[in-house]
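What follows is the content of model_18.tsv (TSV, N, CA and C atoms).
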chain	number	residue	atom	x	y	z
A	234	MET	N	5.08	-51.91	16.92
A	234	MET	CA	6.47	-51.55	16.92
A	234	MET	C	6.96	-51.28	15.49
A	235	ARG	N	6.57	-52.14	14.58
A	235	ARG	CA	6.97	-51.98	13.19
A	235	ARG	C	6.41	-50.68	12.63
A	236	LEU	N	5.18	-50.35	12.99
A	236	LEU	CA	4.55	-49.11	12.53
A	236	LEU	C	5.32	-47.90	13.04
A	237	MET	N	5.81	-47.97	14.28
A	237	MET	CA	6.57	-46.86	14.84
A	237	MET	C	7.89	-46.69	14.07
A	238	HIS	N	8.54	-47.78	13.73
A	238	HIS	CA	9.78	-47.70	12.95
A	238	HIS	C	9.53	-47.08	11.58
A	239	LEU	N	8.46	-47.50	10.94
A	239	LEU	CA	8.14	-46.94	9.63
A	239	LEU	C	7.81	-45.46	9.73
A	240	THR	N	7.11	-45.07	10.79
A	240	THR	CA	6.77	-43.67	10.99
A	240	THR	C	8.04	-42.84	11.22
A	241	CYS	N	8.95	-43.36	12.04
A	241	CYS	CA	10.22	-42.66	12.29
A	241	CYS	C	11.04	-42.55	11.01
A	242	LEU	N	11.07	-43.62	10.24
A	242	LEU	CA	11.80	-43.61	8.98
A	242	LEU	C	11.22	-42.58	8.02
A	243	ALA	N	9.93	-42.54	7.92
A	243	ALA	CA	9.27	-41.57	7.04
A	243	ALA	C	9.52	-40.15	7.51
A	244	ALA	N	9.44	-39.92	8.81
A	244	ALA	CA	9.70	-38.58	9.35
A	244	ALA	C	11.14	-38.16	9.11
A	245	SER	N	12.08	-39.08	9.30
A	245	SER	CA	13.50	-38.78	9.05
A	245	SER	C	13.74	-38.44	7.59
A	246	THR	N	13.13	-39.20	6.71
A	246	THR	CA	13.28	-38.95	5.28
A	246	THR	C	12.75	-37.57	4.91
A	247	LEU	N	11.60	-37.21	5.48
A	247	LEU	CA	11.03	-35.89	5.20
A	247	LEU	C	11.92	-34.78	5.73
A	248	LEU	N	12.48	-34.96	6.91
A	248	LEU	CA	13.37	-33.94	7.48
A	248	LEU	C	14.62	-33.76	6.63
A	249	ILE	N	15.19	-34.87	6.19
A	249	ILE	CA	16.38	-34.79	5.34
A	249	ILE	C	16.04	-34.11	4.03
A	250	ALA	N	14.94	-34.48	3.43
A	250	ALA	CA	14.53	-33.86	2.17
A	250	ALA	C	14.27	-32.38	2.35
A	251	ALA	N	13.64	-32.02	3.43
A	251	ALA	CA	13.36	-30.60	3.69
A	251	ALA	C	14.65	-29.83	3.91
A	252	GLY	N	15.59	-30.44	4.61
A	252	GLY	CA	16.88	-29.78	4.85
A	252	GLY	C	17.64	-29.55	3.57
A	253	CYS	N	17.62	-30.52	2.69
A	253	CYS	CA	18.32	-30.37	1.41
A	253	CYS	C	17.64	-29.34	0.52
A	254	ALA	N	16.32	-29.32	0.56
A	254	ALA	CA	15.57	-28.40	-0.28
A	254	ALA	C	15.75	-26.96	0.17
A	255	SER	N	16.03	-26.76	1.45
A	255	SER	CA	16.12	-25.39	1.95
A	255	SER	C	17.53	-24.82	1.86
A	256	THR	N	18.49	-25.58	1.40
A	256	THR	CA	19.85	-25.08	1.27
A	256	THR	C	19.94	-24.16	0.05
A	257	PRO	N	20.29	-22.90	0.28
A	257	PRO	CA	20.37	-21.97	-0.85
A	257	PRO	C	21.65	-22.18	-1.66
A	258	PRO	N	21.67	-21.75	-2.89
A	258	PRO	CA	22.89	-21.85	-3.68
A	258	PRO	C	24.01	-21.05	-3.00
A	259	PRO	N	25.22	-21.60	-2.94
A	259	PRO	CA	26.33	-20.91	-2.26
A	259	PRO	C	27.00	-19.88	-3.17
A	260	THR	N	26.21	-18.95	-3.65
A	260	THR	CA	26.70	-17.95	-4.59
A	260	THR	C	27.87	-17.15	-4.01
A	261	GLU	N	27.72	-16.71	-2.77
A	261	GLU	CA	28.75	-15.89	-2.14
A	261	GLU	C	30.05	-16.69	-1.94
A	262	GLN	N	29.93	-17.95	-1.51
A	262	GLN	CA	31.11	-18.77	-1.27
A	262	GLN	C	31.86	-19.06	-2.57
A	263	VAL	N	31.11	-19.33	-3.64
A	263	VAL	CA	31.74	-19.61	-4.93
A	263	VAL	C	32.43	-18.35	-5.46
A	264	ALA	N	31.78	-17.20	-5.30
A	264	ALA	CA	32.39	-15.94	-5.75
A	264	ALA	C	33.65	-15.62	-4.95
A	265	SER	N	33.61	-15.86	-3.65
A	265	SER	CA	34.79	-15.62	-2.81
A	265	SER	C	35.92	-16.56	-3.18
A	266	ALA	N	35.59	-17.80	-3.44
A	266	ALA	CA	36.61	-18.78	-3.85
A	266	ALA	C	37.23	-18.38	-5.18
A	267	LYS	N	36.40	-17.95	-6.12
A	267	LYS	CA	36.91	-17.54	-7.43
A	267	LYS	C	37.84	-16.34	-7.28
A	268	ALA	N	37.45	-15.39	-6.46
A	268	ALA	CA	38.30	-14.21	-6.24
A	268	ALA	C	39.63	-14.62	-5.62
A	269	ALA	N	39.60	-15.55	-4.66
A	269	ALA	CA	40.84	-16.00	-4.02
A	269	ALA	C	41.74	-16.75	-5.00
A	270	VAL	N	41.16	-17.59	-5.83
A	270	VAL	CA	41.93	-18.34	-6.82
A	270	VAL	C	42.53	-17.38	-7.85
A	271	ASP	N	41.72	-16.44	-8.33
A	271	ASP	CA	42.21	-15.46	-9.31
A	271	ASP	C	43.33	-14.61	-8.71
A	272	SER	N	43.17	-14.19	-7.48
A	272	SER	CA	44.17	-13.37	-6.80
A	272	SER	C	45.48	-14.14	-6.63
A	273	ALA	N	45.37	-15.40	-6.24
A	273	ALA	CA	46.57	-16.22	-6.07
A	273	ALA	C	47.32	-16.36	-7.39
A	274	ALA	N	46.59	-16.54	-8.47
A	274	ALA	CA	47.23	-16.69	-9.78
A	274	ALA	C	47.93	-15.40	-10.20
A	275	VAL	N	47.27	-14.27	-9.99
A	275	VAL	CA	47.84	-12.97	-10.37
A	275	VAL	C	49.07	-12.64	-9.52
A	276	ASP	N	49.01	-13.02	-8.24
A	276	ASP	CA	50.10	-12.71	-7.32
A	276	ASP	C	51.33	-13.59	-7.55
A	277	GLY	N	51.20	-14.65	-8.32
A	277	GLY	CA	52.34	-15.51	-8.61
A	277	GLY	C	52.43	-16.75	-7.75
A	278	ALA	N	51.37	-17.09	-7.05
A	278	ALA	CA	51.39	-18.27	-6.18
A	278	ALA	C	51.69	-19.58	-6.91
A	279	PRO	N	51.27	-19.75	-8.16
A	279	PRO	CA	51.57	-21.03	-8.82
A	279	PRO	C	53.07	-21.36	-8.88
A	280	ALA	N	53.91	-20.35	-8.93
A	280	ALA	CA	55.35	-20.60	-8.99
A	280	ALA	C	55.90	-21.09	-7.65
A	281	TYR	N	55.27	-20.72	-6.56
A	281	TYR	CA	55.76	-21.05	-5.23
A	281	TYR	C	54.96	-22.16	-4.55
A	282	ALA	N	53.72	-22.32	-4.92
A	282	ALA	CA	52.85	-23.33	-4.32
A	282	ALA	C	51.97	-23.96	-5.40
A	283	PRO	N	52.58	-24.69	-6.31
A	283	PRO	CA	51.81	-25.23	-7.44
A	283	PRO	C	50.73	-26.24	-7.04
A	284	THR	N	51.01	-27.05	-6.03
A	284	THR	CA	50.03	-28.06	-5.62
A	284	THR	C	48.79	-27.40	-5.02
A	285	GLU	N	49.00	-26.45	-4.13
A	285	GLU	CA	47.88	-25.77	-3.49
A	285	GLU	C	47.07	-24.96	-4.50
A	286	THR	N	47.77	-24.34	-5.44
A	286	THR	CA	47.09	-23.56	-6.48
A	286	THR	C	46.25	-24.47	-7.37
A	287	ARG	N	46.82	-25.62	-7.74
A	287	ARG	CA	46.09	-26.58	-8.57
A	287	ARG	C	44.87	-27.11	-7.82
A	288	LEU	N	45.04	-27.45	-6.55
A	288	LEU	CA	43.91	-27.95	-5.76
A	288	LEU	C	42.81	-26.90	-5.66
A	289	ALA	N	43.19	-25.66	-5.43
A	289	ALA	CA	42.20	-24.58	-5.32
A	289	ALA	C	41.42	-24.44	-6.62
A	290	THR	N	42.12	-24.50	-7.74
A	290	THR	CA	41.47	-24.38	-9.05
A	290	THR	C	40.55	-25.56	-9.32
A	291	GLU	N	41.01	-26.76	-9.00
A	291	GLU	CA	40.19	-27.95	-9.24
A	291	GLU	C	38.94	-27.96	-8.35
A	292	LYS	N	39.11	-27.56	-7.10
A	292	LYS	CA	37.95	-27.55	-6.19
A	292	LYS	C	36.95	-26.47	-6.59
A	293	LEU	N	37.44	-25.35	-7.10
A	293	LEU	CA	36.53	-24.31	-7.59
A	293	LEU	C	35.71	-24.84	-8.77
A	294	ALA	N	36.38	-25.51	-9.70
A	294	ALA	CA	35.66	-26.08	-10.85
A	294	ALA	C	34.64	-27.11	-10.39
A	295	ALA	N	35.01	-27.93	-9.41
A	295	ALA	CA	34.08	-28.94	-8.89
A	295	ALA	C	32.90	-28.26	-8.17
A	296	ALA	N	33.17	-27.18	-7.47
A	296	ALA	CA	32.09	-26.44	-6.80
A	296	ALA	C	31.12	-25.88	-7.82
A	297	GLN	N	31.65	-25.34	-8.91
A	297	GLN	CA	30.78	-24.79	-9.95
A	297	GLN	C	29.94	-25.88	-10.59
A	298	LYS	N	30.52	-27.07	-10.78
A	298	LYS	CA	29.75	-28.19	-11.32
A	298	LYS	C	28.67	-28.63	-10.34
A	299	ALA	N	29.00	-28.62	-9.04
A	299	ALA	CA	28.02	-29.01	-8.03
A	299	ALA	C	26.86	-28.01	-7.99
A	300	VAL	N	27.15	-26.74	-8.18
A	300	VAL	CA	26.08	-25.73	-8.24
A	300	VAL	C	25.17	-26.04	-9.43
A	301	ALA	N	25.77	-26.33	-10.56
A	301	ALA	CA	24.98	-26.64	-11.76
A	301	ALA	C	24.10	-27.88	-11.54
A	302	ALA	N	24.62	-28.82	-10.74
A	302	ALA	CA	23.86	-30.03	-10.44
A	302	ALA	C	22.90	-29.84	-9.26
A	303	LYS	N	22.87	-28.61	-8.73
A	303	LYS	CA	22.02	-28.25	-7.60
A	303	LYS	C	22.37	-29.01	-6.32
A	304	ASP	N	23.62	-29.43	-6.21
A	304	ASP	CA	24.12	-30.06	-4.98
A	304	ASP	C	24.80	-28.95	-4.18
A	305	TYR	N	23.98	-28.13	-3.53
A	305	TYR	CA	24.47	-26.91	-2.89
A	305	TYR	C	25.32	-27.17	-1.65
A	306	VAL	N	25.04	-28.25	-0.95
A	306	VAL	CA	25.85	-28.58	0.23
A	306	VAL	C	27.27	-28.90	-0.21
A	307	LEU	N	27.41	-29.75	-1.21
A	307	LEU	CA	28.74	-30.10	-1.73
A	307	LEU	C	29.41	-28.88	-2.34
A	308	ALA	N	28.66	-28.07	-3.07
A	308	ALA	CA	29.21	-26.88	-3.70
A	308	ALA	C	29.78	-25.92	-2.67
A	309	LYS	N	29.06	-25.73	-1.59
A	309	LYS	CA	29.54	-24.83	-0.53
A	309	LYS	C	30.83	-25.37	0.09
A	310	LEU	N	30.85	-26.64	0.38
A	310	LEU	CA	32.04	-27.27	0.97
A	310	LEU	C	33.25	-27.12	0.05
A	311	LEU	N	33.06	-27.43	-1.22
A	311	LEU	CA	34.16	-27.33	-2.18
A	311	LEU	C	34.62	-25.89	-2.38
A	312	ALA	N	33.69	-24.95	-2.41
A	312	ALA	CA	34.06	-23.55	-2.56
A	312	ALA	C	34.88	-23.07	-1.36
A	313	GLU	N	34.46	-23.47	-0.17
A	313	GLU	CA	35.20	-23.08	1.03
A	313	GLU	C	36.60	-23.69	1.03
A	314	GLU	N	36.71	-24.96	0.64
A	314	GLU	CA	38.02	-25.61	0.55
A	314	GLU	C	38.89	-24.94	-0.51
A	315	SER	N	38.29	-24.59	-1.62
A	315	SER	CA	39.03	-23.92	-2.69
A	315	SER	C	39.61	-22.60	-2.20
A	316	GLN	N	38.79	-21.84	-1.49
A	316	GLN	CA	39.25	-20.56	-0.97
A	316	GLN	C	40.40	-20.75	0.02
A	317	LEU	N	40.28	-21.74	0.88
A	317	LEU	CA	41.35	-22.01	1.85
A	317	LEU	C	42.63	-22.46	1.16
A	318	ASP	N	42.51	-23.30	0.13
A	318	ASP	CA	43.70	-23.74	-0.61
A	318	ASP	C	44.38	-22.56	-1.31
A	319	ALA	N	43.58	-21.66	-1.87
A	319	ALA	CA	44.14	-20.48	-2.53
A	319	ALA	C	44.85	-19.58	-1.51
A	320	GLN	N	44.24	-19.43	-0.34
A	320	GLN	CA	44.87	-18.61	0.71
A	320	GLN	C	46.16	-19.25	1.19
A	321	LEU	N	46.18	-20.57	1.29
A	321	LEU	CA	47.40	-21.28	1.68
A	321	LEU	C	48.49	-21.08	0.63
A	322	ALA	N	48.12	-21.14	-0.63
A	322	ALA	CA	49.08	-20.92	-1.71
A	322	ALA	C	49.71	-19.53	-1.61
A	323	VAL	N	48.89	-18.54	-1.34
A	323	VAL	CA	49.40	-17.16	-1.20
A	323	VAL	C	50.34	-17.07	0.01
A	324	ARG	N	49.96	-17.69	1.12
A	324	ARG	CA	50.82	-17.65	2.32
A	324	ARG	C	52.17	-18.33	2.06
A	325	LYS	N	52.13	-19.47	1.36
A	325	LYS	CA	53.38	-20.16	1.03
A	325	LYS	C	54.26	-19.29	0.12
A	326	MET	N	53.62	-18.61	-0.82
A	326	MET	CA	54.36	-17.71	-1.71
A	326	MET	C	54.99	-16.58	-0.91
A	327	GLN	N	54.22	-15.99	-0.01
A	327	GLN	CA	54.74	-14.89	0.80
A	327	GLN	C	55.90	-15.36	1.68
A	328	THR	N	55.78	-16.54	2.23
A	328	THR	CA	56.85	-17.10	3.07
A	328	THR	C	58.11	-17.32	2.24
A	329	ALA	N	57.95	-17.88	1.06
A	329	ALA	CA	59.11	-18.14	0.20
A	329	ALA	C	59.79	-16.84	-0.21
A	330	LYS	N	58.99	-15.83	-0.55
A	330	LYS	CA	59.57	-14.54	-0.94
A	330	LYS	C	60.27	-13.88	0.25
A	331	SER	N	59.69	-13.99	1.43
A	331	SER	CA	60.31	-13.41	2.63
A	331	SER	C	61.62	-14.12	2.95
A	332	SER	N	61.62	-15.44	2.83
A	332	SER	CA	62.84	-16.20	3.09
A	332	SER	C	63.94	-15.82	2.10
A	333	LYS	N	63.56	-15.67	0.85
A	333	LYS	CA	64.53	-15.29	-0.18
A	333	LYS	C	65.10	-13.90	0.13
A	334	ALA	N	64.26	-12.97	0.50
A	334	ALA	CA	64.73	-11.62	0.82
A	334	ALA	C	65.64	-11.64	2.04
A	335	ALA	N	65.30	-12.44	3.04
A	335	ALA	CA	66.13	-12.55	4.24
A	335	ALA	C	67.48	-13.17	3.91
A	336	ASP	N	67.48	-14.19	3.06
A	336	ASP	CA	68.75	-14.82	2.65
A	336	ASP	C	69.64	-13.83	1.91
A	337	GLU	N	69.03	-13.05	1.03
A	337	GLU	CA	69.79	-12.05	0.28
A	337	GLU	C	70.35	-10.98	1.21
A	338	ALA	N	69.57	-10.58	2.20
A	338	ALA	CA	70.03	-9.57	3.15
A	338	ALA	C	71.19	-10.11	3.99
A	339	ARG	N	71.10	-11.38	4.42
A	339	ARG	CA	72.18	-12.00	5.18
A	339	ARG	C	73.44	-12.10	4.34
A	340	LYS	N	73.24	-12.48	3.09
A	340	LYS	CA	74.39	-12.62	2.18
A	340	LYS	C	75.05	-11.27	1.97
A	341	ALA	N	74.26	-10.24	1.77
A	341	ALA	CA	74.80	-8.89	1.58
A	341	ALA	C	75.51	-8.41	2.84
A	342	ALA	N	74.95	-8.70	4.00
A	342	ALA	CA	75.56	-8.28	5.25
A	342	ALA	C	76.88	-9.00	5.49
A	343	SER	N	76.95	-10.26	5.09
A	343	SER	CA	78.19	-11.04	5.34
A	343	SER	C	79.30	-10.65	4.35
A	344	THR	N	78.93	-10.14	3.19
A	344	THR	CA	79.94	-9.73	2.22
A	344	THR	C	80.24	-8.24	2.30
A	345	GLY	N	79.45	-7.54	3.11
A	345	GLY	CA	79.65	-6.11	3.29
A	345	GLY	C	79.16	-5.28	2.12
A	346	GLY	N	78.45	-5.88	1.20
A	346	GLY	CA	77.96	-5.15	0.03
A	346	GLY	C	76.46	-5.11	-0.01
A	347	THR	N	75.96	-4.68	-1.13
A	347	THR	CA	74.51	-4.65	-1.34
A	347	THR	C	74.13	-5.87	-2.14
A	348	PRO	N	72.90	-6.29	-2.04
A	348	PRO	CA	72.46	-7.52	-2.74
A	348	PRO	C	72.55	-7.48	-4.20

Whole structure given in structure tokens:
Amino acid sequence: MRLMHLTCLAASTLLIAAGCASTPPPTEQVASAKAAVDSAAVDGAPAYAPTETRLATEKLAAAQKAVAAKDYVLAKLLAEESQLDAQLAVRKMQTAKSSKAADEARKAASTGGTP
């Protein structure tokens, strides 16, 4: 019985090691995250969604460090989260700008003038 447990443990360890070794660097995910973070910054998202923009930037930096450390599973996860945070920042910015435009239009309509 003990031999079977040791054999299972050894087999599990080998499978885990093989799975980690076969994970390729998340080059595409990191590049996509960087593009999303850069785009959010250029579009003005930091003014409307500073927390999300900061999180996206921090997670991108952490993903790049994980790539350097060859922790590709963590790097991929962080890059994907970074991209999602950057996209959320852009959506929040767009929502805020749309709300502001709608408020100005309502104000102009109620005063009978132009904004």

- Near region 309-320 of chain A, within 6.5 Å and counting all atoms listed in the file, which residues show up once chain neighbours fewer than 4 positions away are dropped, as number ranges by chain? A: 259, 262-263, 265-267, 269-270, 273, 285-286, 288-290, 292-293, 295-296, 304-305, 324-325

Deliver the residues from the most recent selection as a file, using N, CA and C atoms, as a compact mmCIF listing (two decimals), in the coordinates of the input.
# COMPACT_ATOMS: atom_id res chain seq x y z
N PRO A 259 25.22 -21.60 -2.94
CA PRO A 259 26.33 -20.91 -2.26
C PRO A 259 27.00 -19.88 -3.17
N GLN A 262 29.93 -17.95 -1.51
CA GLN A 262 31.11 -18.77 -1.27
C GLN A 262 31.86 -19.06 -2.57
N VAL A 263 31.11 -19.33 -3.64
CA VAL A 263 31.74 -19.61 -4.93
C VAL A 263 32.43 -18.35 -5.46
N SER A 265 33.61 -15.86 -3.65
CA SER A 265 34.79 -15.62 -2.81
C SER A 265 35.92 -16.56 -3.18
N ALA A 266 35.59 -17.80 -3.44
CA ALA A 266 36.61 -18.78 -3.85
C ALA A 266 37.23 -18.38 -5.18
N LYS A 267 36.40 -17.95 -6.12
CA LYS A 267 36.91 -17.54 -7.43
C LYS A 267 37.84 -16.34 -7.28
N ALA A 269 39.60 -15.55 -4.66
CA ALA A 269 40.84 -16.00 -4.02
C ALA A 269 41.74 -16.75 -5.00
N VAL A 270 41.16 -17.59 -5.83
CA VAL A 270 41.93 -18.34 -6.82
C VAL A 270 42.53 -17.38 -7.85
N ALA A 273 45.37 -15.40 -6.24
CA ALA A 273 46.57 -16.22 -6.07
C ALA A 273 47.32 -16.36 -7.39
N GLU A 285 49.00 -26.45 -4.13
CA GLU A 285 47.88 -25.77 -3.49
C GLU A 285 47.07 -24.96 -4.50
N THR A 286 47.77 -24.34 -5.44
CA THR A 286 47.09 -23.56 -6.48
C THR A 286 46.25 -24.47 -7.37
N LEU A 288 45.04 -27.45 -6.55
CA LEU A 288 43.91 -27.95 -5.76
C LEU A 288 42.81 -26.90 -5.66
N ALA A 289 43.19 -25.66 -5.43
CA ALA A 289 42.20 -24.58 -5.32
C ALA A 289 41.42 -24.44 -6.62
N THR A 290 42.12 -24.50 -7.74
CA THR A 290 41.47 -24.38 -9.05
C THR A 290 40.55 -25.56 -9.32
N LYS A 292 39.11 -27.56 -7.10
CA LYS A 292 37.95 -27.55 -6.19
C LYS A 292 36.95 -26.47 -6.59
N LEU A 293 37.44 -25.35 -7.10
CA LEU A 293 36.53 -24.31 -7.59
C LEU A 293 35.71 -24.84 -8.77
N ALA A 295 35.01 -27.93 -9.41
CA ALA A 295 34.08 -28.94 -8.89
C ALA A 295 32.90 -28.26 -8.17
N ALA A 296 33.17 -27.18 -7.47
CA ALA A 296 32.09 -26.44 -6.80
C ALA A 296 31.12 -25.88 -7.82
N ASP A 304 23.62 -29.43 -6.21
CA ASP A 304 24.12 -30.06 -4.98
C ASP A 304 24.80 -28.95 -4.18
N TYR A 305 23.98 -28.13 -3.53
CA TYR A 305 24.47 -26.91 -2.89
C TYR A 305 25.32 -27.17 -1.65
N ARG A 324 49.96 -17.69 1.12
CA ARG A 324 50.82 -17.65 2.32
C ARG A 324 52.17 -18.33 2.06
N LYS A 325 52.13 -19.47 1.36
CA LYS A 325 53.38 -20.16 1.03
C LYS A 325 54.26 -19.29 0.12

- Query: Nearest to Val300 (chain A): which of A:Glu337, A:Glu261, A:Ser331, A:Met326 is it, counting only C-alpha atoms?
  - Reply: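 Going through A:Glu337, A:Glu261, A:Ser331, A:Met326 one by one, the smallest distance to Val300 (chain A) is for A:Glu261.
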
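Distances from A:Leu321, A:Thr328, A:Val306, A:Ala341 to Thr256 (chain A) were compared using only N, CA and C atoms, and the smallest one belongs to A:Val306.
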
- In Å to one decimal, how far is atom C of Ala294 (chain A) from atom C of Tyr281 (chain A)? 21.7 Å

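In this comparison, which uses only C-alpha atoms, the residue of A:Ala268, A:Ala280, A:Ala274, A:Ala302 approaching Ala329 (chain A) most closely is A:Ala280.
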
- Message: To one decimal place in Å, what is the distance between CA of Lys330 (chain A) and CA of Ala342 (chain A)?
- Response: 18.3 Å

- Gap from CA of Gln327 (chain A) to CA of Thr260 (chain A) - Å, one decimal: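 Interatomic distance, CA of Gln327 (chain A) to CA of Thr260 (chain A): 28.7 Å.
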
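Closest approach to Ala278 (chain A) from the set A:Val323, A:Ala264, A:Ala299, A:Ala308 is made by A:Val323, with distances taken over all atoms listed in the file.
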
Taking all atoms of region 280-298 of chain A that the file lists and extending 8 Å past them on each side, where is the centre of the axis-aligned box and how long are its edges? Answer in Å to one decimal, as lines of an AutoDock Vina configuration file.
center_x = 42.3
center_y = -24.6
center_z = -7.4
size_x = 43.2
size_y = 24.6
size_z = 23.8
